[in-house]
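Engineer: run_14.pdb (PDB, C-alpha atoms) pasted underneath:
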ATOM      1  CA  LEU C   1     -43.837  17.163   4.182
ATOM      2  CA  VAL C   2     -40.210  17.935   3.491
ATOM      3  CA  PRO C   3     -38.138  16.218   0.772
ATOM      4  CA  VAL C   4     -35.220  14.251   2.229
ATOM      5  CA  PRO C   5     -32.117  14.366   0.002
ATOM      6  CA  PHE C   6     -30.033  11.254  -0.691
ATOM      7  CA  THR C   7     -26.874  13.093   0.427
ATOM      8  CA  GLY C   8     -26.979  12.216   4.138
ATOM      9  CA  GLU C   9     -27.971  15.802   4.929
ATOM     10  CA  SER C  10     -30.692  15.950   7.590
ATOM     11  CA  VAL C  11     -33.969  17.822   7.238
ATOM     12  CA  SER C  12     -36.434  18.780   9.945
ATOM     13  CA  SER C  13     -40.203  19.117  10.076
ATOM     14  CA  LYS C  14     -42.904  19.008  12.750
ATOM     15  CA  ASN C  15     -42.458  15.219  12.715
ATOM     16  CA  GLY C  16     -38.755  15.354  13.598
ATOM     17  CA  SER C  17     -35.355  15.234  11.880
ATOM     18  CA  TYR C  18     -34.664  12.723   9.109
ATOM     19  CA  ARG C  19     -31.877  11.735   6.732
ATOM     20  CA  VAL C  20     -31.279   9.203   3.956
ATOM     21  CA  ARG C  21     -27.886   7.599   3.617
ATOM     22  CA  ARG C  22     -26.295   4.664   1.880
ATOM     23  CA  LYS C  23     -26.027   1.638   4.167
ATOM     24  CA  ASP C  24     -26.072  -2.014   3.160
ATOM     25  CA  THR C  25     -28.716  -3.999   5.058
ATOM     26  CA  SER C  26     -30.650  -7.204   4.456
ATOM     27  CA  LYS C  27     -33.631  -5.069   3.341
ATOM     28  CA  GLY C  28     -31.892  -2.554   1.077
ATOM     29  CA  ASN C  29     -28.806  -0.465   0.471
ATOM     30  CA  TYR C  30     -30.250   2.888   1.589
ATOM     31  CA  VAL C  31     -31.852   3.755   4.925
ATOM     32  CA  LEU C  32     -34.229   6.466   6.090
ATOM     33  CA  GLU C  33     -33.258   7.421   9.625
ATOM     34  CA  ARG C  34     -34.926   9.570  12.293
ATOM     35  CA  ILE C  35     -33.472  11.098  15.436
ATOM     36  CA  ASP C  36     -35.098   9.442  18.466
ATOM     37  CA  ALA C  37     -35.813  10.946  21.897
ATOM     38  CA  THR C  38     -32.230  10.243  23.050
ATOM     39  CA  GLY C  39     -30.707  12.085  20.082
ATOM     40  CA  GLU C  40     -29.575   8.899  18.307
ATOM     41  CA  TRP C  41     -30.197   8.206  14.617
ATOM     42  CA  LYS C  42     -32.473   5.142  14.260
ATOM     43  CA  VAL C  43     -33.382   3.326  11.032
ATOM     44  CA  CYS C  44     -37.066   3.745  10.086
ATOM     45  CA  HIS C  45     -36.975   2.081   6.664
ATOM     46  CA  ALA C  46     -34.465   0.367   4.390
ATOM     47  CA  PHE C  47     -34.843   0.265   0.619
ATOM     48  CA  TYR C  48     -33.140  -0.195  -2.737
ATOM     49  CA  LYS C  49     -32.883   2.701  -5.169
ATOM     50  CA  HIS C  50     -33.361   0.616  -8.321
ATOM     51  CA  ILE C  51     -36.611   0.718 -10.285
ATOM     52  CA  ILE C  52     -39.143  -1.989  -9.379
ATOM     53  CA  ASP C  53     -41.590  -3.475 -11.866
ATOM     54  CA  GLU C  54     -45.197  -2.329 -11.395
ATOM     55  CA  ILE C  55     -46.356  -5.955 -11.015
ATOM     56  CA  VAL C  56     -44.123  -6.351  -7.951
ATOM     57  CA  VAL C  57     -45.349  -3.072  -6.434
ATOM     58  CA  ASN C  58     -48.989  -4.066  -6.961
ATOM     59  CA  ASP C  59     -48.352  -7.460  -5.320
ATOM     60  CA  VAL C  60     -46.771  -5.813  -2.273
ATOM     61  CA  GLN C  61     -49.688  -3.382  -2.003
ATOM     62  CA  ARG C  62     -52.177  -6.259  -2.205
ATOM     63  CA  ARG C  63     -50.371  -8.156   0.575
ATOM     64  CA  VAL C  64     -50.223  -5.058   2.809
ATOM     65  CA  ILE C  65     -53.968  -4.539   2.455
ATOM     66  CA  GLU C  66     -55.266  -8.125   2.375
ATOM     67  CA  ASP C  67     -52.856 -10.275   4.416
ATOM     68  CA  GLU C  68     -54.089 -10.706   8.004
ATOM     69  CA  LYS C  69     -50.453 -10.955   9.182
ATOM     70  CA  SER C  70     -49.633  -7.515   7.745
ATOM     71  CA  ILE C  71     -48.787  -5.039  10.509
ATOM     72  CA  PHE C  72     -49.950  -2.065   8.431
ATOM     73  CA  ASN C  73     -53.221  -0.186   8.916
ATOM     74  CA  LYS C  74     -56.222  -1.870   7.335
ATOM     75  CA  GLY C  75     -58.527   1.135   7.275
ATOM     76  CA  PRO C  76     -58.683   4.908   7.468
ATOM     77  CA  ILE C  77     -56.427   6.686   9.941
ATOM     78  CA  ALA C  78     -56.443  10.350  10.955
ATOM     79  CA  VAL C  79     -53.351  11.805  12.611
ATOM     80  CA  LYS C  80     -53.024  15.178  14.327
ATOM     81  CA  LEU C  81     -49.611  16.580  15.172
ATOM     82  CA  THR C  82     -49.315  17.962  18.705
ATOM     83  CA  ASN C  83     -46.540  19.773  20.558
ATOM     84  CA  SER C  84     -45.628  16.501  22.282
ATOM     85  CA  GLY C  85     -45.955  14.175  19.267
ATOM     86  CA  HIS C  86     -49.158  13.021  17.591
ATOM     87  CA  ILE C  87     -52.642  11.602  18.187
ATOM     88  CA  SER C  88     -54.054   8.868  15.926
ATOM     89  CA  LEU C  89     -57.711   8.031  15.344
ATOM     90  CA  THR C  90     -58.805   4.810  13.618
ATOM     91  CA  ASN C  91     -62.128   3.026  13.247
ATOM     92  CA  THR C  92     -61.212   0.871  16.279
ATOM     93  CA  SER C  93     -59.714   3.505  18.600
TER
END
Will you turn the file into structure tokens for me?

Structural biologist:
Amino acid sequence: LVPVPFTGESVSSKNGSYRVRRKDTSKGNYVLERIDATGEWKVCHAFYKHIIDEIVVNDVQRRVIEDEKSIFNKGPIAVKLTNSGHISLTNTS
């Protein structure tokens, strides 16, 4: 893991190149971007920098884990980085 500064400066790791910059969106006013296979910066996540109450965070975590409509992983996942990307192993793969 490599810390990504909030300055717009990009950092690189085995997972690729990333940057955080200020950009107003419907989901936040900062974005985490990654360079895709074509060399273009693409938004991965949008977020706000302000502090969120722990009750709100716990509610979001509960929905991610329990809501059947949640697109996030529901169980353990193992990921191995490879020269061409990554391989994922779950309890259903």

Engineer: Name the residues that the PyMOL selection byres ((chain C and resi 49) around 9) pulls out of this structure, and write them as a PyMOL selection string.

Structural biologist: chain C and resi 28-30+47-48+50-52

Engineer: Using all atoms listed in the file, which of the listed residues (C:Val43, C:Thr90, C:Thr7, C:Ser12) sits closest to C:Asp24?

Structural biologist: C:Val43

Engineer: Would you mind listing what lies within 8 Å of C:Ile77 as a PyMOL selection string, with only C-alpha atoms counted and same-chain residues fewer than 3 positions away left out?

Structural biologist: chain C and resi 73+88-91

Engineer: Could you list as a ChimeraX atom specification every residue that has an atom within 10 Å of (-36.1, 15.0, 3.5), using the file's coordinates and counting only C-alpha atoms?

Structural biologist: /C:1-13,17-20,32

Engineer: What gap, in Å, lies between atom CA of C:Glu66 and atom CA of C:Ser26?

Structural biologist: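 Straight-line distance from atom CA of C:Glu66 to atom CA of C:Ser26 works out to 24.7 Å.
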
Engineer: For atom CA of C:Lys14 and atom CA of C:Lys80, determine how far apart the two atoms are, in Å to one decimal place.

Structural biologist: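 If I compute the distance from atom CA of C:Lys14 to atom CA of C:Lys80, I get 10.9 Å.
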
Engineer: Using the file's own x, y and z axes, what box holds all listed atoms of stretch 23-36 of chain C with 3 Å on each side, keeping edges along x, y and z, and what are its centre and edge lengths in Å to one decimal, as JSON?

Structural biologist:
{"center_x": -30.6, "center_y": 1.9, "center_z": 9.5, "size_x": 15.1, "size_y": 24.3, "size_z": 24.0}

Engineer: Leaving out C:Asp36 and any residue of its chain fewer than 2 positions from it, which residues lie within 12 Å of it when counting only C-alpha atoms, given as a list of chain:residue names?

Structural biologist: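 Listed by chain and then number, they are C:Asn15, C:Gly16, C:Ser17, C:Tyr18, C:Glu33, C:Arg34, C:Thr38, C:Gly39, C:Glu40, C:Trp41, C:Lys42, C:Val43, C:Cys44, C:Gly85.
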
Engineer: Report, in Å to a single decimal, how far apart atom CA of C:Phe72 and atom CA of C:His86 are.

Structural biologist: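 These two atoms are separated by 17.7 Å.
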